[in-house]
Every structure is written in structure tokens, then in C-alpha cells.
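One structure below.
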Amino acid sequence: MSDIVELKRLVKQLQSPSTAQELLGILTLLKKNWEVNETILRESKAGLAVGKLRTHSNKEVSQAAKDLVKKWKNDVERLKATKSPAPKAAPPTKAAPPPAPAPAKPSTVARTADTDKVTLNFTPDKLRNALSKLIYNALACDATCDSNTIAAKARDIEAAVYNLNGCTNEAYKTKLRTLTANLKAKSNPGLRARVLKGELEPARLATMSVADMASEERKAADNKIREQTIHESLGAAEQEAETDAFQCGRCKQRKCRYRQAQTRSADEPMTTFVTCTVCNNRWKFS
């Protein structure tokens, strides 16, 4: 390939006023002696100069320029093809290993009087013994203490309920069924734990209502519902006043409505109920 400086010189001659014969000579020389690529064409501006001659008034010059442009295009495409790396064959896909089997979950069987092989014959009365067994099952379902402790608690709870009623009447049976249901509730493990640890005496348990036996979470939810009901009932009866004296703890705005009500004894201060008009947050204080 001739020097690029020589190519630039010939391009300059193409751009200068020349006769048709001079142009044909230069185009023939370029076609015969020059193999180009994109870089050479761009640096020498040969493509631009030859391309303009395709519309020359002399048909021979015009055709020679067209032929040269066509040749150079083919040369550039051929060079691109030879320089392009051959596509790499995709590596063989490895089959994914089969998933490992999930570890077997240990079977958890709730403890009962039968699984603990405990016999609860504390009295000659079969009904009382049967209900004592139900209480044992409720206390033992997730317990970790020994069976003797659970059996003693079941005996004492049944005896406390029996002593309150004096016989195995309907009230006695209803109370023990209620105690059993609350003691075995999955949502209230704290009640079972308190009984087994001795924090809640059987005599006290025998007198507790369903609300008294509820979990702390349930009590908190019930209190919230009760306060909400009071808040809404007061709102239906009393007109709220708007004020900027209170700041909402949630959105920090001071756009609030409030009302006051005597919710406790007359010698106690009134309770103020506040509602944020921006985020509807509600709170109260006395």
C-alpha cells in the first residue's frame, strides 16, 4: 500500500481544478494502487473527494468515480469481515444438580396424660377425674416440666372449682370447660406458664373470668377497642373544637380538634380527647 501522504496529495489534486483526463488518471491510479480502510478514508478525506466526482459533468469521470467508490466499499466490508472475531461456541450447559432433599422435620407430638402415662384418679368420682385429665392435657401441651408437677396443678385446679360449687353441677362443668379452653389456647402460652410456675394459684384461677385469663396482647387490643368506642361515642354526642394548642405526635402538625368529658368520678380531672385533622391520629390525656 502506498504512503498515506501520497494519498492525501492525490486527493488534493482531485479537489483542484483539473481536466477530465487528469481526473481519470488520478482515479485510475487510486483504483489500481490503493487498498483503503475506514481510518485511511477518514484521515485522507479521499472518500469525500471521490464521492463528489460521481456527479461530474464528464460521464467517464463520473463512472470512474462511481466504480472507485464501489470498490472501496467492498474493500472496507471485506476488511471488517476478516477482523471480526469468530463467534465463540457457547459452553455446554451443565445440568443443574437435583435439589437436596429437605431435612425431615422432627415430629412434635403434644404431651397428654396418655403420652406421659399418667393416671389421674384423685377422687372416687369418675367425672372429676376425667375433667382433671382434660386440665392436665391443656397444661402439658407444650410444657417442659415433669409430669408430677403438671398432675398436681391439674388436681388442685379441679378441686378449687369443685369447692366453689360444692358439687359436680352444670356450673362446675361449665367452669372447668372454660378453664381448659383458655389454658390450652395456642395464643395464650403465658397463662399456662404462670400456672405451672406457681405465679397463678389454682384458687385464684378458679374465680377468673375469660377476660381475666386473656393474654396481655388480647387485653391491650380490647382496651384499644374500648377506648376507640368511647372516643367515637363521645364524638357523636359532642361538638369538637378546633385548636393549635396540641401537637400531633405522629405528623407533628398543630391542626387538631378536641373535646373534654368526665369519664371518671366527679372529683377526678376531665379527660381530653384530641384528633389530628391532618393524619387522623387520636390520643387522650387527663
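Chains: A, B, ... in order of the C-alpha cells. Residues: from 1 per chain. Ligands: from 1, in order shown.
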To test your reading of the structure, identify every residue in range 16-146 of chain A that backbone DSSP assigns to alpha helix (DSSP H), and report it as a ChimeraX atom specification. /A:20-33,38-44,46-52,59-83,126-140
Would you mind listing what lies within 8 Å of Arg54 in chain A as a PyMOL selection string, with only C-alpha atoms counted and same-chain residues fewer than 4 positions away left out? chain A and resi 50+61-66
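Counting only C-alpha atoms and comparing A:Leu196, A:Leu30, A:Ala220, A:Leu127, the residue that lies closest to Lys71 in chain A is A:Leu30.
Coordinates place CA of Ala206 in chain A at a distance of 7.8 Å from CA of Lys175 in chain A.
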Just the number, please: distance in Å from CA of Lys186 in chain A to CA of Ala138 in chain A, one decimal. 10.0 Å
List the neighbours of range 272-286 of chain A out to 9 Å using only C-alpha atoms; skip same-chain residues closer than 4 positions along the sequence, and give me the result as a PyMOL selection string. chain A and resi 228+231+240+246-251+253-262+268
From the list A:Arg155, A:Arg78, A:Lys219, A:Lys59, the nearest residue to Glu35 in chain A using only C-alpha atoms is A:Arg78
As number ranges by chain, please: the residues near Ala185 in chain A (cut-off 12 Å, only C-alpha atoms, same-chain neighbours under 3 positions excluded). A: 137-142, 178-182, 188-192, 210, 213-215
Residue among A:Gln15, A:Lys73, A:Leu68, A:Tyr172 lying closest to Thr28 in chain A, counting only C-alpha atoms: A:Leu68
What's around range 108-114 of chain A at 10 Å? Count only C-alpha atoms, leave out sequence neighbours fewer than 3 positions away in its own chain, and write the answer as a list of chain:residue names.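 So the residues in contact are A:Lys105, A:Lys117, A:Val118, A:Thr119, A:Leu120, A:Ser132, A:Lys133, A:Leu134, A:Ile135, A:Tyr136, A:Asn137, A:Ala138, A:Leu139, A:Ala140, A:Cys141, A:Asp142, A:Ala143, A:Thr144, A:Ser147, A:Ile150, A:Ala151.
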Take the residues that were just selected and, keeping C-alpha atoms, output them as a PDB file, in the first residue's frame.
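Everything below was put into result-v3.pdb:
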ATOM      1  CA  LYS A 105     -38.911 -32.095  60.388  1.00  0.00           C
ATOM      2  CA  LYS A 117     -48.528 -42.373  81.044  1.00  0.00           C
ATOM      3  CA  VAL A 118     -50.123 -40.517  83.916  1.00  0.00           C
ATOM      4  CA  THR A 119     -53.245 -41.757  85.716  1.00  0.00           C
ATOM      5  CA  LEU A 120     -55.345 -39.082  87.389  1.00  0.00           C
ATOM      6  CA  SER A 132     -58.762 -33.329  85.830  1.00  0.00           C
ATOM      7  CA  LYS A 133     -57.317 -35.209  82.853  1.00  0.00           C
ATOM      8  CA  LEU A 134     -58.571 -32.501  80.458  1.00  0.00           C
ATOM      9  CA  ILE A 135     -56.848 -29.843  82.555  1.00  0.00           C
ATOM     10  CA  TYR A 136     -53.643 -31.914  82.571  1.00  0.00           C
ATOM     11  CA  ASN A 137     -53.733 -32.154  78.762  1.00  0.00           C
ATOM     12  CA  ALA A 138     -54.223 -28.387  78.478  1.00  0.00           C
ATOM     13  CA  LEU A 139     -51.302 -27.605  80.798  1.00  0.00           C
ATOM     14  CA  ALA A 140     -48.980 -30.259  79.328  1.00  0.00           C
ATOM     15  CA  CYS A 141     -49.391 -29.489  75.604  1.00  0.00           C
ATOM     16  CA  ASP A 142     -46.110 -27.515  75.389  1.00  0.00           C
ATOM     17  CA  ALA A 143     -44.761 -27.898  78.925  1.00  0.00           C
ATOM     18  CA  THR A 144     -41.197 -28.894  79.744  1.00  0.00           C
ATOM     19  CA  SER A 147     -45.487 -34.891  84.834  1.00  0.00           C
ATOM     20  CA  ILE A 150     -48.496 -30.914  85.947  1.00  0.00           C
ATOM     21  CA  ALA A 151     -50.649 -33.567  87.635  1.00  0.00           C
TER      22      ALA A 151
END
CA of Thr115 in chain A and CA of Tyr162 in chain A, how far apart in Å? 26.5 Å
Using only C-alpha atoms, which of the listed residues (A:Leu7, A:Leu53, A:Leu48, A:Ala159) sits closest to Leu23 in chain A?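 Closest to Leu23 in chain A of all the choices is A:Leu53.
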I need the strand (DSSP E or B) residues of range 103-279 of chain A per DSSP on the backbone, written as a list in words. Ala241, Glu242, Thr243, Cys256, Arg257, Tyr258, Arg259, Gln260, Ala261, Thr271, Thr272, Phe273, Val274, Thr275 and Cys276 of chain A
Pick out the closest residue to Gly47 in chain A from this set: A:Arg204, A:Lys70, A:Lys184, A:Arg264. Count only C-alpha atoms. A:Lys70
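Remark: for Val36 in chain A, the closest of the candidate residues A:Glu216, A:Asp75, A:Asp156, A:Asp267 is A:Asp75 (distances computed over only C-alpha atoms).
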Quick one: residues within 7 Å of Val76 in chain A, only C-alpha atoms counted, chain neighbours fewer than 4 positions away excluded, as JSON, numbers by chain? {"A": [36, 37, 38, 72, 80]}
